[in-house]
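Asker: Just passing along the structure, written as structure tokens.
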Amino acid sequence: MAGLFDKQADLYLDARPNYPSEWFSKLADLTDHHGLAWDAATGNGQAALAVAEHYERVIATGVSESQLKLATPHPRINYHHTPSSMTDDELVELIGGENSVDLITVAQGVHWFDLPRFYAVATRLLRKPGGIIAVWGYNDVLVTPEFDAIQYRFHATTLPFWSYPHIQNIFDSYEALPFPFESVGMGSEGKPLKGS
């Protein structure tokens, strides 16, 4: 996935939606501690900024240096380029060490991941007990019936050309996404929480 959106990082920044602040308040309410959060696949940091309103420190990581350069600075956020060549041990150390993270977020990105590797790292990092992981995404934005039909045809036509094994998960609203973590009442494996 590294480099996929690098050429248009500035356009990507402008096109990405912001997520409702209530979502981040709900996530913060689920963790006992608010010391450290990790925003994986931060892109240009939209989710990291909202997470920083609830946590003392946010480590925001991504594979795209171009997007990270456009991230909005914030005193509670440390942005880090994490190339896929980084070892799991290096990543765990960079983020804060085992059993240190109160909240892990992945906004519109987990479908790009090597899931077994990511889940293994997340398991090592999450505070026990009490740490949570939240992944979410959006797929089709509904505009009008005419536009929606064109968008659906576009996705159906181009999907076979995506070379990432988990890309279908975003188009299926993460319904088939493996998710080996205990539910905290906001969706679980096979039963994602649907937004409005």
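Starting from 1 in every chain, residues are counted up; chains themselves are A, B, ... following the order of the structure tokens, and ligands are numbered from 1 as listed.
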To test your reading of the structure, identify every residue in chain A that backbone DSSP assigns to helix (DSSP H, G or I), and report it as a PyMOL selection string.
Answerer: chain A and resi 9-15+21-30+46-51+65-69+88-95+110-112+115-125+145-161+167-171
Asker: I want to know what sits within 7 Å of Ile132 in chain A, based on only C-alpha atoms, with residues of the same chain fewer than 4 positions away left out; could you give that as a list in words?
Answerer: Thr31, Asp102, Leu103, Ile104 and Leu126 of chain A
Asker: Identify which of the residues A:Tyr55, A:Trp38, A:Trp136, A:Phe147 lies closest to Ala107 in chain A, counting only C-alpha atoms when measuring atom-to-atom distances.
Answerer: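 Nearest candidate to Ala107 in chain A out of A:Tyr55, A:Trp38, A:Trp136, A:Phe147: A:Trp136.
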Asker: Under the rule that only C-alpha atoms are counted, which of A:Ala52, A:Trp23, A:Thr157, A:His111 is the nearest residue to Glu175 in chain A?
Answerer: A:His111
Asker: As a PyMOL selection string, list the residues of range 47-109 of chain A assigned to strand (DSSP E) by DSSP on the backbone atoms of this structure.
Answerer: chain A and resi 57-62+77-81+103-107
Asker: Could the residues in this selection be saved with N, CA and C atoms as a short mmCIF file (atom, residue, chain, number, x, y, z; two decimals), in the first residue's frame?
Answerer:
data_model
loop_
_atom_site.label_atom_id
_atom_site.label_comp_id
_atom_site.auth_asym_id
_atom_site.auth_seq_id
_atom_site.Cartn_x
_atom_site.Cartn_y
_atom_site.Cartn_z
N ARG A 57 -1.31 11.42 24.90
CA ARG A 57 -0.31 11.29 23.85
C ARG A 57 -0.84 10.37 22.77
N VAL A 58 -0.63 10.74 21.52
CA VAL A 58 -1.05 9.94 20.37
C VAL A 58 0.17 9.70 19.49
N ILE A 59 0.42 8.43 19.20
CA ILE A 59 1.43 8.06 18.22
C ILE A 59 0.66 7.77 16.93
N ALA A 60 0.92 8.54 15.91
CA ALA A 60 0.21 8.40 14.63
C ALA A 60 1.21 7.91 13.60
N THR A 61 0.94 6.74 13.03
CA THR A 61 1.90 6.12 12.13
C THR A 61 1.30 5.90 10.75
N GLY A 62 2.18 5.88 9.76
CA GLY A 62 1.74 5.61 8.41
C GLY A 62 2.90 5.28 7.51
N ILE A 77 0.39 14.93 19.54
CA ILE A 77 0.57 13.91 18.49
C ILE A 77 2.02 13.87 18.02
N ASN A 78 2.55 12.66 17.95
CA ASN A 78 3.84 12.41 17.33
C ASN A 78 3.58 11.58 16.08
N TYR A 79 3.88 12.15 14.92
CA TYR A 79 3.70 11.44 13.65
C TYR A 79 5.00 10.71 13.31
N HIS A 80 4.87 9.47 12.85
CA HIS A 80 6.05 8.67 12.51
C HIS A 80 5.82 7.90 11.21
N HIS A 81 6.80 7.97 10.34
CA HIS A 81 6.80 7.13 9.14
C HIS A 81 7.20 5.72 9.57
N LEU A 103 -5.80 2.87 23.55
CA LEU A 103 -6.71 2.84 22.40
C LEU A 103 -5.90 2.74 21.12
N ILE A 104 -6.29 1.81 20.27
CA ILE A 104 -5.74 1.72 18.92
C ILE A 104 -6.87 2.05 17.96
N THR A 105 -6.61 2.98 17.04
CA THR A 105 -7.60 3.32 16.03
C THR A 105 -7.02 3.09 14.63
N VAL A 106 -7.90 2.65 13.75
CA VAL A 106 -7.55 2.55 12.33
C VAL A 106 -8.77 3.06 11.57
N ALA A 107 -8.66 4.25 11.04
CA ALA A 107 -9.75 4.87 10.30
C ALA A 107 -9.50 4.70 8.81
#
Asker: Grab the CA of Ser64 in chain A to CA of Gly35 in chain A distance for me, in Å with one decimal place.
Answerer: 25.8 Å
Asker: Calculated over only C-alpha atoms, which of the candidates A:Ala156, A:Ala40, A:Ala28, A:Met86 has the smallest distance to Val135 in chain A?
Answerer: A:Ala40
Asker: For Asp32 in chain A, which of A:Gly97, A:Ala120, A:Pro75, A:Pro129 is the closest residue, counting only C-alpha atoms?
Answerer: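 Looking only at the distances to Asp32 in chain A, the closest residue turns out to be A:Pro129.
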Asker: Residues at most 8 Å from Gly137 in chain A, counting only C-alpha atoms, excluding those fewer than 6 positions away in the same chain, as a PDB file with all heavy atoms, in the first residue's frame?
Answerer:
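So around.pdb came out as:
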ATOM      1  N   ALA A 107      -8.659   4.255  11.041  1.00  0.00           N
ATOM      2  CA  ALA A 107      -9.755   4.873  10.301  1.00  0.00           C
ATOM      3  C   ALA A 107      -9.504   4.697   8.805  1.00  0.00           C
ATOM      4  O   ALA A 107      -8.525   5.213   8.283  1.00  0.00           O
ATOM      5  CB  ALA A 107      -9.848   6.358  10.649  1.00  0.00           C
ATOM      6  N   GLN A 108     -10.372   3.952   8.166  1.00  0.00           N
ATOM      7  CA  GLN A 108     -10.306   3.779   6.714  1.00  0.00           C
ATOM      8  C   GLN A 108      -8.947   3.234   6.273  1.00  0.00           C
ATOM      9  O   GLN A 108      -8.364   3.702   5.310  1.00  0.00           O
ATOM     10  CB  GLN A 108     -10.594   5.123   6.013  1.00  0.00           C
ATOM     11  CG  GLN A 108     -10.795   5.050   4.516  1.00  0.00           C
ATOM     12  CD  GLN A 108     -12.034   4.303   4.090  1.00  0.00           C
ATOM     13  OE1 GLN A 108     -12.910   4.023   4.880  1.00  0.00           O
ATOM     14  NE2 GLN A 108     -12.132   3.957   2.823  1.00  0.00           N
ATOM     15  N   GLY A 109      -8.450   2.197   6.977  1.00  0.00           N
ATOM     16  CA  GLY A 109      -7.148   1.697   6.585  1.00  0.00           C
ATOM     17  C   GLY A 109      -6.880   0.228   6.821  1.00  0.00           C
ATOM     18  O   GLY A 109      -5.970  -0.334   6.220  1.00  0.00           O
ATOM     19  N   ILE A 170     -13.688  -3.342   2.702  1.00  0.00           N
ATOM     20  CA  ILE A 170     -14.235  -1.997   2.853  1.00  0.00           C
ATOM     21  C   ILE A 170     -15.541  -1.864   2.077  1.00  0.00           C
ATOM     22  O   ILE A 170     -16.485  -1.231   2.539  1.00  0.00           O
ATOM     23  CB  ILE A 170     -13.228  -0.890   2.458  1.00  0.00           C
ATOM     24  CG1 ILE A 170     -13.741   0.486   2.901  1.00  0.00           C
ATOM     25  CG2 ILE A 170     -12.922  -0.880   0.984  1.00  0.00           C
ATOM     26  CD1 ILE A 170     -13.870   0.677   4.381  1.00  0.00           C
ATOM     27  N   SER A 173     -18.447  -3.257   4.010  1.00  0.00           N
ATOM     28  CA  SER A 173     -18.632  -2.633   5.329  1.00  0.00           C
ATOM     29  C   SER A 173     -17.993  -3.444   6.457  1.00  0.00           C
ATOM     30  O   SER A 173     -18.500  -3.485   7.571  1.00  0.00           O
ATOM     31  CB  SER A 173     -20.125  -2.418   5.617  1.00  0.00           C
ATOM     32  OG  SER A 173     -20.696  -1.611   4.624  1.00  0.00           O
TER      33      SER A 173
END
Asker: Which neighbours of Arg124 in chain A fall inside 9 Å, counting only C-alpha atoms, when residues of the same chain fewer than 4 positions from it are skipped, and could you give them as a list in words?
Answerer: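 Those residues are Val92, Gly97, Glu98, Asn99, Ser100, Tyr119 and Ala120 of chain A.
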Asker: Could you jot down the CA of Tyr152 in chain A to CA of Tyr19 in chain A separation for me, Å, one decimal place?
Answerer: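 We find that CA of Tyr152 in chain A and CA of Tyr19 in chain A lie 22.7 Å from each other.
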Asker: Could you check how far CA of Val51 in chain A sits from CA of Leu27 in chain A, in Å to one decimal?
Answerer: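 Calculated distance between CA of Val51 in chain A and CA of Leu27 in chain A is 8.9 Å.
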